[in-house]
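As structure tokens, the structure follows; a few thoughts come after it.
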Protein chains: 4
Amino acid sequence: MALALDKLGLMAFLAEQFPQVANDFAIEEVAERSIRVRLIVTDKHLRPGGTVSGPSTFALADVAVYLGPKALTVTTNCSIDFMRKPKAATDLICECRILKLGRVLAVGDCLIFSDGMAEPVAHATLTYSIPPVG
Amino acid sequence: MALALDKLGLMAFLAEQFPQVANDFAIEEVAERSIRVRLIVTDKHLRPGGTVSGPSTFALADVAVYLGPKALTVTTNCSIDFMRKPKAATDLICECRILKLGRVLAVGDCLIFSDGMAEPVAHATLTYSIPPVG
Amino acid sequence: MALALDKLGLMAFLAEQFPQVANDFAIEEVAERSIRVRLIVTDKHLRPGGTVSGPSTFALADVAVYLGPKALTVTTNCSIDFMRKPKAATDLICECRILKLGRVLAVGDCLIFSDGMAEPVAHATLTYSIPPVG
Amino acid sequence: MALALDKLGLMAFLAEQFPQVANDFAIEEVAERSIRVRLIVTDKHLRPGGTVSGPSTFALADVAVYLGPKALTVTTNCSIDFMRKPKAATDLICECRILKLGRVLAVGDCLIFSDGMAEPVAHATLTYSIPPVG
């Protein structure tokens with residue numbers, strides 16, 4: 001399976017698949033086996049005190065791995081470690097590598113940073129089930 | 001650490017801690033080591049086709065374990081398995097058991113059902129770090 | 001896919017599949033969607049101080065889910081929480097439920113107890129890829 | 001907390017902490033936030049057919065993260081993805097990075113390779129609880 005390398009194509013795909021949240025994300029870089037996606041943090045992503053919420057962090061990793069090889073329609077597992085408190089009201093950046101892109105399963109590995117912080121705030125591993133080509 | 005057994009007290013606590021999302025949840029039952037929480041599914045939780053999104057499912061498990069022993073301020077790990085497609089545009093119900101409530105770590109185990117389905121749609125295990133009492 | 005309900009048949013299957021470790025395990029109970037397996041703890045499973053090792057605990061959960069629906073040849077994911085120190089030099093008991101037995105993926109959920117302790121020492125969730133029937 | 005950078009010191013520490021398995025491992029490289037450890041595969045690590053077993057793979061990741069910052073006495077969580085079949089009867093190499101080394105929790109990320117294969121056979125994330133200094 002080839003990776004989709006075109007940033008604009010992926011943005012269009014995202015808008016089509018996740019119309020309610022597509023504007024929350026910006027695709028910053030796409031390479032053969034990796035992708036970098038930004039969560040544009042607004043009030044709806046925040047907990048009191050300005051911390052970006054866990055579900056928003058999860059959503060970022062989920063979108064990044066989903067977009068990496070494009071059209072991985074079903075997340076089957078996600079394991080996420082929240083390691084540091086993100087900066088208040090600050091975008092998150094997800095650096096995602098595709099570790100495996102098999103016939104039936106794909107695995108992506110994500111490091112998530114608070115924009116401007118050197119150490120990651122979270123680490124996620126996601127598994128996707130790849131639908132059979134009909 | 002004692003569990004908070006009062007449904008109304010927990011609803012008030014939820015409204016205070018998560019004002020932006022408190023109305024999405026209903027606490028259905030609270031027992032000594034378990035809690036049942038409903039996600040009242042609306043458009044914002046749905047993917048095209050009416051499937052409840054992964055981050056919404058994660059948010060439900062996160063809130064349920066958080067509320068179980070009350071005031072578990074930091075989720076440190078979540079592992080979630082998405083096992084079946086939920087019914088379109090249908091509430092999710094989270095049955096959560098607290099497996100461990102230690103001095104520094106708590107672990108909660110969640111089965112998540114699409115309202116009216118017998119088999120679980122997802123299973124999540126969450127770990128929380130318990131802040132030291134000052 | 002039907003579950004194999006015969007204890008002796010499973011013991012024979014285990015001896016055939018895992019000849020090097022089959023004697024470490026005893027199948028205590030088999031039901032339609034669950035199984036209870038004991039790890040007969042000996043020196044090789046222990047860390048200094050008599051604690052049962054993490055890999056031994058993992059092996060117990062792995063065997064239990066593997067045997068539950070029989071012939072799940074490939075573990076694709078395991079998430080395990082170690083929650084309490086097991087009793088020194090004491091058998092572990094694994095209570096395993098099969099949460100999903102699909103066409104391509106199976107998910108099992110395990111609570112692991114130190115024989116005689118009421119609270120679980122570990123909790124594991126395992127995902128298996130089911131090989132296509134040729 | 002400083003990392004122990006001395007290979008020989010770590011081998012001695014390993015022999016003292018895990019006398020029953022220390023000879024199964026070789027520490028190949030130690031840097032400030034990372035370590036590479038080899039599992040010297042022998043018959044006891046193999047399944048019929050020569051595949052290195054899941055618990056052996058887990059044990060390798062567990063030792064690598066444990067040794068990285070030295071003296072992380074309690075593994076609290078491990079999530080491991082088995083992605084490819086390892087080569088028969090071949091050593092495994094674990095490349096481990098310490099993602100977080102906090103006051104109470106540490107997180108390590110491991111890629112595990114079959115010696116000589118370019119793509120990883122497994123990926124593991126482990127969390128350790130750090131005992132308070134008395």
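Note on naming: chains are A, B, ... as they come in the structure tokens, residues start from 1 per chain, ligands start from 1 in the order shown.
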Item to check | chain D: residues DSSP assigns to helix (DSSP H, G or I), reported as number ranges by chain | outcome: D: 7-17, 22-24, 43-45, 54-67
Checklist entry - What are the residues of chain C that have an atom within 12 Å of an atom of chain B, counting only C-alpha atoms, as an MDAnalysis selection string? => result chainID C and resid 77:84 98:113 118:128
Checklist entry - Which residue out of D:Lys85, D:Leu67, D:Ala22, D:Asp43 has the minimum interatomic distance to Lys7 (chain D) when only C-alpha atoms are used? => result D:Leu67
Item to check | Neighbour list for Val30 (chain A) as a PyMOL selection string, cut-off 7 Å, only C-alpha atoms, skip fewer than 4 positions in-chain | outcome: chain A and resi 5+7+34-36
Item to check | Length of the CA of Phe13 (chain B) to CA of Val41 (chain B) vector [Å] | outcome: 20.9 Å
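The interatomic distance for the pair CA of Arg38 (chain D) and CA of Gly50 (chain D) works out to 17.5 Å.
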Next on the checklist: My list of candidates is A:Asp115, A:Ile40, A:Thr57, A:Ala89. Which is closest to Ile27 (chain A) when distances are computed with only C-alpha atoms?
Outcome noted: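 Counting only C-alpha atoms, the residue closest to Ile27 (chain A) is A:Ile40.
CA of Ala31 (chain D) is found 11.1 Å from CA of Glu95 (chain D).
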Next on the checklist: Which residues are near Val21 (chain B)? Cut-off 12 Å, only C-alpha atoms, ignore same chain within fewer than 5 positions. Put them as a list in words.
Outcome noted: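 Everything that qualifies: Asp43, Lys44, His45, Leu46, Arg47, Pro48, Ser53 and Pro55 of chain A; Met11, Leu14, Ala15, Glu16, Ala26, Leu39, Ile40, Val41, Thr42, Lys44, His45, Ser56, Ala59, Leu60 and Val63 of chain B.
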Item to check | For Asp91 (chain A), the nearest of the candidates A:Asp24, A:Gly49, A:Ala12, A:Pro19, counting only C-alpha atoms | outcome: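 Ranked by minimum distance to Asp91 (chain A), first place goes to A:Asp24.
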